[in-house]
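Everything below concerns the one structure shown next.
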2 protein chains.
Amino acid sequence: MNLRELSRQLNLSQTTVSRALNGYPEVSEQTRKRVTEAARRYNYSPNARARTLATGRTMSIGHIIPMSKQNELVNMVFTDFIAGAGLVYAQQGYDMTLRIVADDGKLAAYRSFAERGAVDGVIVQSPTRDDPRIDYLAALDIPFLVHGRASEITKPYPWLDVNSKRAIETATRHLIELGHRRIGLVNGHEVMDFASRRREGYCAALTAAGLVVDEALTRSGDMSEPNGYEAARDLLAQQDAPTAFVASSIVMALGVKRAVEDRGLRIGRDVSVVCFDDDISFLPNAGETPLFTAMRSSVRAAGQRCATLLIERIKAPQAPPPTELWEAELIRGTSSGPGPFA
Amino acid sequence: MNLRELSRQLNLSQTTVSRALNGYPEVSEQTRKRVTEAARRYNYSPNARARTLATGRTMSIGHIIPMSKQNELVNMVFTDFIAGAGLVYAQQGYDMTLRIVADDGKLAAYRSFAERGAVDGVIVQSPTRDDPRIDYLAALDIPFLVHGRASEITKPYPWLDVNSKRAIETATRHLIELGHRRIGLVNGHEVMDFASRRREGYCAALTAAGLVVDEALTRSGDMSEPNGYEAARDLLAQQDAPTAFVASSIVMALGVKRAVEDRGLRIGRDVSVVCFDDDISFLPNAGETPLFTAMRSSVRAAGQRCATLLIERIKAPQAPPPTELWEAELIRGTSSGPGPFA
DNA sequence: AAAGTTTTTCAAAGCGCTTTGAAACGAAGG
DNA sequence: CCTTCGTTTCAAAGCGCTTTGAAAAACTTT
């Protein structure tokens with residue numbers, strides 16, 4: 001059953017039926033009732049494809065998920081972000097259009113979304129410091145919103161980010177205040193904007209405390225458990241090993257924990273760990289006293305907010321680009337304790 | 001730039017330009033060349049919305065992700081499955097349309113996908129024993145593919161499943177052969193088809209070995225770490241506690257492990273654990289000797305295969321519904337060892 | 001009762017593509 | 001040279017909705 005058939009059944013024009021169903025005011029309550037009843041009776045629902053063409057809106061938001069090389073894959077942060085965003089989309093009648101793509105196909109994927117008019121807007125996740133997607137999307141003139149920032153891009157663009165620098169600065173200062181002097185940094189790849197900011201925060205805290213930054217105590221790489229393990233194992237094997245670690249995620253912190261325990265040391269007593277905690281629903285660092293002392297900011301909440309902001313932007317594309325900087329919260333867990341200089 | 005403008009520039013009809021770009025044979029190589037070059041020059045790409053209406057195909061596959069109550073949410077199995085499927089979609093030019101929906105809105109969501117023609121096909125994940133979605137989709141006459149099965153549905157429908165029963169039967173027998181007699185089952189909710197089959201496998205192995213099934217040794221619930229922990233903690237607190245556990249997932253097994261260690265016992269020596277391992281990329285149970293002895297079957301591979309089968313089905317809807325039963329593989333890890341009767 | 005308003009309904013024109021059925025063209029055959 | 005046939009191109013008709021601009025109907029006002 002399509003609109004034409006339905007309108008014939010009712011002896012009304014397509015116009016009237018369409019308006020009745022879409023809640024326009026210029027149709028009497030009586031006919032609206034007739035129409036909605038008939039629509040239900042004949043089980044009519046408007047064809048999404050046709051509506052999309054007629055309105056110029058697809059009611060869907062594009063997400064591109066990069067799938068690097070072999071295994072780094074769809075990580076949990078992406079997943080939780082999407083879960084948050086998806087919730088908002090559902091509420092607002094949008095769908096999420098997901099495309100999984102090799103790292104080098106990202107740009108082309110965004111382009112295809114934009115040029116073919118396949119989505120009404122796109123989300124950009126995990127920007128690098130000088131992320132080409134941003135200029136690209138601005139030029140393509142499609143609404144977008146960046147989760148994170150690209151430090152090296154100066155033109156205004158819409159973003160929502162967590163204050164990574166301050167978060168890690170706070171984390172590092174916390175360890176210093178506990179009496180730690182040799183503090184390792186187990187970071188993500190520093191082409192990622194957030195990771196580079198985290199290093200800045202780490203350095204800033206050390207410097208502020210009059211400590212020197214020892215490059216030998218820092219590592220960056222895939223934000224996986226094995227990688228956190230290896231980094232910590234190496235650092236712990238050095239002479240003059242660190243007594244504390246700042247880890248860039250819970251997952252890496254779990255690797256650090258394993259490395260510490262492998263050496264027969266105890267987390268929170270012999271070695272302290274503070275990490276960034278995206279509050280991933282699946283890896284809860286929760287309870288009365290959570291395992292990890294952490295800087296927490298919910299990535300799911302960020303997803304929700306990004307979705308909301310993007311939808312607003314779709315509705316009012318001319319408004320100045322929104323920007324939002326969130327602060328992470330220090331959560332005291334059992335993984336941090338007094339250091340040798342306490 | 002749209003098709004009409006492009007064809008005017010070229011002094012050709014829309015027909016010819018369209019055919020040239022879509023690789024139809026009835027256009028001379030010479031004009032095809034002219035057309036593709038002009039298309040590139042003017043940066044033309046066909047409007048997806050219009051094409052979708054004209055062809056009747058959206059080139060996208062619907063996935064509905066249920067988000068129960070508050071927190072059980074988008075779990076890792078869903079995520080990995082989607083990662084696998086998404087890979088195939090990308091290769092074949094499909095997008096994934098994702099909708100996150102409350103548990104009680106699932107049926108309506110599938111319906112809206114189907115009736116409005118928003119997607120070309122849908123994937124059904126985690127069916128219950130008598131899942132209403134299957135009849136519903138069959139009636140709606142939209143291509144679909146079930147990952148898993150619904151035991152109580154007899155009509156043929158397309159599915160791909162892992163042989164859960166045999167997998168858990170093998171796991172349980174493995175423990176019995178190691179000399180365990182009191183074996184706990186830490187299962188998912190048994191309305192889920194796969195969970196009910198896993199229980200069947202567990203019971204079958206016990207019975208085959210002449211042992212009686214003690215309901216007091218089985219638990220079922222959310223497949224989360226905390227839930228695995230609680231189940232194991234309770235079971236271990238009983239007098240005549242189990243010396244081994246069969247867990248329905250790695251995540252639950254991690255909870256079991258924690259409970260065992262909390263009692264000061266050691267996994268693989270004092271208490272054995274075998275689990276089902278979906279080979280989730282993010283929770284690798286890997287290495288030379290993996291932590292858990294497990295029945296492994298990659299959910300990501302299943303996602304790929306499901307996507308492939310669904311696309312085939314979209315292309316040939318009249319073919320008999322495909323069905324595929326995969327066997328899981330026993331992986332020896334360090335979590336299982338001789339029991340008291342060895 | 002005529003004229004003016006407001007409310008309700010309609011016919012038709014898109015939206016930008018694909019695809020059908022016919023026409024124009026060129027080459028081949030008689 | 002005319003006919004026939006295969007190749008290449010085209011005009012026009014959808015696809016199923018929304019939306020514009022106009023007409024019809026129902027009320028008001030004079």
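How things are named: the first chain in the structure tokens is A, the next is B, and so on; residues count from 1 in each chain; ligands count from 1 in the order shown.
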
At a cut-off of 9 Å, using only C-alpha atoms (C1' of nucleotides), what residues contact stretch 10-12 of chain D? Leave out same-chain residues fewer than 5 positions from it and give the result as a list in words.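 The filter keeps Leu12, Ser13, Gln14, Thr15 and Thr16 of chain B; DA22, DA23 and DA24 of chain C.
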
Can I get the residues of chain A within 7 Å of chain C, each with the closest pair of atoms and their distance in Å to one decimal, using only C-alpha atoms (C1' of nucleotides), sorted chain first then ascending number, as a tab-separated table?
residue	atom	partner	partner_atom	distance
A:Ser13	CA	C:DC10	C1'	6.1
A:Thr16	CA	C:DT9	C1'	6.7
A:Glu26	CA	C:DT8	C1'	6.8
A:Val27	CA	C:DT8	C1'	6.1
A:Ser28	CA	C:DT8	C1'	6.9
A:Leu53	CA	C:DC15	C1'	5.3
A:Ala54	CA	C:DC15	C1'	4.8

Write the residues of the selection above to a file with C-alpha atoms, as a PDB file, in the first residue's frame.
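Saved the output as selection32.pdb:
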ATOM      1  CA  SER A  13      -5.764  13.776  -2.674  1.00  0.00           C
ATOM      2  CA  THR A  16      -4.243  15.861   2.063  1.00  0.00           C
ATOM      3  CA  GLU A  26      -4.152  22.717   7.376  1.00  0.00           C
ATOM      4  CA  VAL A  27      -6.275  19.628   7.594  1.00  0.00           C
ATOM      5  CA  SER A  28      -9.417  19.248   9.664  1.00  0.00           C
ATOM      6  CA  LEU A  53      14.345  11.921  -2.002  1.00  0.00           C
ATOM      7  CA  ALA A  54      11.469  14.292  -1.629  1.00  0.00           C
TER       8      ALA A  54
END

Report as a list in words the set of chain A residues whose atoms approach chain D to within 12 Å, with distances computed over only C-alpha atoms (C1' of nucleotides).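 That gives Met1, Asn2, Leu3, Arg4, Glu5, Leu6, Gln14, Thr15, Thr16, Val17, Ser18, Arg19, Leu21, Asn22, Tyr24, Ser45, Pro46, Asn47, Ala48, Arg49, Ala50, Arg51, Thr52, Leu53, Ala54, Thr55, Gly56 and Arg57 of chain A for chain A.
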
Using DSSP on the backbone coordinates, identify the residues of stretch 48-186 of chain B assigned to strand (DSSP E or B); present them as a ChimeraX atom specification. /B:60-66,95-101,121-125,128,144-147,159-162,183-186

What are the residues of chain B lining chain A at 8 Å or less? Count only C-alpha atoms, and put the answer as JSON, numbers by chain. {"B": [45, 46, 47, 48, 49, 50, 52, 53, 56, 58, 71, 73, 74, 75, 79, 80, 83, 86, 87, 90, 95, 96, 97, 98, 99, 100, 101, 115, 116, 117, 118, 281, 282]}

With N, CA and C atoms kept, could you save the residues just selected as an mmCIF file, in the first residue's frame?
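The resulting file, selection_37.cif, is shown below:
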data_model
loop_
_atom_site.group_PDB
_atom_site.id
_atom_site.type_symbol
_atom_site.label_atom_id
_atom_site.label_comp_id
_atom_site.auth_asym_id
_atom_site.auth_seq_id
_atom_site.Cartn_x
_atom_site.Cartn_y
_atom_site.Cartn_z
ATOM 1 N N SER B 45 28.966 12.999 -8.570
ATOM 2 C CA SER B 45 28.669 11.632 -8.109
ATOM 3 C C SER B 45 27.174 11.526 -7.890
ATOM 4 N N PRO B 46 26.630 10.432 -8.337
ATOM 5 C CA PRO B 46 25.172 10.292 -8.361
ATOM 6 C C PRO B 46 24.580 10.381 -6.963
ATOM 7 N N ASN B 47 23.467 10.987 -6.864
ATOM 8 C CA ASN B 47 22.788 11.156 -5.594
ATOM 9 C C ASN B 47 22.227 9.821 -5.090
ATOM 10 N N ALA B 48 22.698 9.455 -3.921
ATOM 11 C CA ALA B 48 22.318 8.152 -3.387
ATOM 12 C C ALA B 48 20.819 8.060 -3.126
ATOM 13 N N ARG B 49 20.230 9.154 -2.693
ATOM 14 C CA ARG B 49 18.805 9.121 -2.353
ATOM 15 C C ARG B 49 17.966 8.838 -3.594
ATOM 16 N N ALA B 50 18.317 9.507 -4.678
ATOM 17 C CA ALA B 50 17.550 9.326 -5.902
ATOM 18 C C ALA B 50 17.753 7.920 -6.454
ATOM 19 N N THR B 52 18.457 5.300 -4.895
ATOM 20 C CA THR B 52 17.765 4.382 -4.012
ATOM 21 C C THR B 52 16.280 4.287 -4.377
ATOM 22 N N LEU B 53 15.695 5.409 -4.658
ATOM 23 C CA LEU B 53 14.280 5.390 -5.024
ATOM 24 C C LEU B 53 14.083 4.730 -6.394
ATOM 25 N N GLY B 56 14.993 0.913 -6.097
ATOM 26 C CA GLY B 56 14.312 0.115 -5.092
ATOM 27 C C GLY B 56 15.265 -0.561 -4.123
ATOM 28 N N THR B 58 18.434 -0.033 -1.296
ATOM 29 C CA THR B 58 19.100 0.994 -0.500
ATOM 30 C C THR B 58 20.582 0.709 -0.356
ATOM 31 N N ASN B 71 22.210 -1.065 31.674
ATOM 32 C CA ASN B 71 23.646 -1.196 31.558
ATOM 33 C C ASN B 71 24.136 -2.397 30.768
ATOM 34 N N LEU B 73 23.716 -3.400 27.972
ATOM 35 C CA LEU B 73 24.099 -2.765 26.703
ATOM 36 C C LEU B 73 24.971 -3.507 25.714
ATOM 37 N N VAL B 74 25.157 -2.780 24.694
ATOM 38 C CA VAL B 74 25.958 -3.167 23.560
ATOM 39 C C VAL B 74 27.156 -4.009 23.969
ATOM 40 N N ASN B 75 26.987 -5.295 23.915
ATOM 41 C CA ASN B 75 28.094 -6.084 24.436
ATOM 42 C C ASN B 75 29.116 -6.403 23.365
ATOM 43 N N THR B 79 29.488 -6.351 19.133
ATOM 44 C CA THR B 79 30.468 -5.487 18.501
ATOM 45 C C THR B 79 31.354 -6.250 17.536
ATOM 46 N N ASP B 80 31.841 -7.376 17.992
ATOM 47 C CA ASP B 80 32.745 -8.117 17.135
ATOM 48 C C ASP B 80 32.009 -8.704 15.937
ATOM 49 N N ALA B 83 31.691 -5.989 13.517
ATOM 50 C CA ALA B 83 32.958 -5.687 12.859
ATOM 51 C C ALA B 83 33.169 -6.642 11.689
ATOM 52 N N GLY B 86 30.572 -5.880 8.944
ATOM 53 C CA GLY B 86 30.858 -4.594 8.321
ATOM 54 C C GLY B 86 31.958 -4.674 7.283
ATOM 55 N N LEU B 87 32.888 -5.538 7.531
ATOM 56 C CA LEU B 87 33.980 -5.745 6.588
ATOM 57 C C LEU B 87 33.447 -6.236 5.251
ATOM 58 N N ALA B 90 31.362 -3.542 3.432
ATOM 59 C CA ALA B 90 32.200 -2.542 2.776
ATOM 60 C C ALA B 90 32.715 -3.079 1.441
ATOM 61 N N ASP B 95 26.176 -0.465 3.094
ATOM 62 C CA ASP B 95 26.386 0.170 4.382
ATOM 63 C C ASP B 95 25.595 -0.581 5.436
ATOM 64 N N MET B 96 25.963 -0.311 6.674
ATOM 65 C CA MET B 96 25.230 -0.921 7.767
ATOM 66 C C MET B 96 24.352 0.150 8.394
ATOM 67 N N THR B 97 23.088 -0.132 8.544
ATOM 68 C CA THR B 97 22.205 0.815 9.222
ATOM 69 C C THR B 97 21.905 0.265 10.597
ATOM 70 N N LEU B 98 22.343 1.007 11.583
ATOM 71 C CA LEU B 98 22.279 0.524 12.944
ATOM 72 C C LEU B 98 21.220 1.295 13.704
ATOM 73 N N ARG B 99 20.404 0.565 14.430
ATOM 74 C CA ARG B 99 19.477 1.269 15.308
ATOM 75 C C ARG B 99 19.573 0.665 16.695
ATOM 76 N N ILE B 100 19.763 1.508 17.668
ATOM 77 C CA ILE B 100 19.848 1.043 19.042
ATOM 78 C C ILE B 100 18.485 1.242 19.655
ATOM 79 N N VAL B 101 18.020 0.225 20.340
ATOM 80 C CA VAL B 101 16.617 0.235 20.680
ATOM 81 C C VAL B 101 16.406 -0.489 22.003
ATOM 82 N N GLU B 115 8.994 -2.398 6.590
ATOM 83 C CA GLU B 115 7.837 -1.811 5.918
ATOM 84 C C GLU B 115 8.156 -0.535 5.177
ATOM 85 N N ARG B 116 9.070 0.214 5.703
ATOM 86 C CA ARG B 116 9.379 1.474 5.067
ATOM 87 C C ARG B 116 10.424 1.295 3.984
ATOM 88 N N GLY B 117 10.905 0.092 3.865
ATOM 89 C CA GLY B 117 11.901 -0.153 2.828
ATOM 90 C C GLY B 117 13.189 0.591 3.079
ATOM 91 N N ALA B 118 13.563 0.677 4.354
ATOM 92 C CA ALA B 118 14.741 1.467 4.699
ATOM 93 C C ALA B 118 16.032 0.691 4.486
ATOM 94 N N SER B 281 38.120 -10.128 19.569
ATOM 95 C CA SER B 281 39.422 -9.561 19.277
ATOM 96 C C SER B 281 39.943 -8.760 20.437
ATOM 97 N N PHE B 282 39.036 -8.308 21.235
ATOM 98 C CA PHE B 282 39.460 -7.414 22.263
ATOM 99 C C PHE B 282 39.815 -8.114 23.545
#

Please indicate the distance in Å from atom CA of A:Ser220 to atom CA of A:Ala171, rounded to one decimal place. 17.3 Å

Go ahead and compute the interatomic distance for atom CA of A:Pro66 and atom CA of A:Thr128, in Å to one decimal.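 Taking atom CA of A:Pro66 and atom CA of A:Thr128, their separation equals 13.1 Å.
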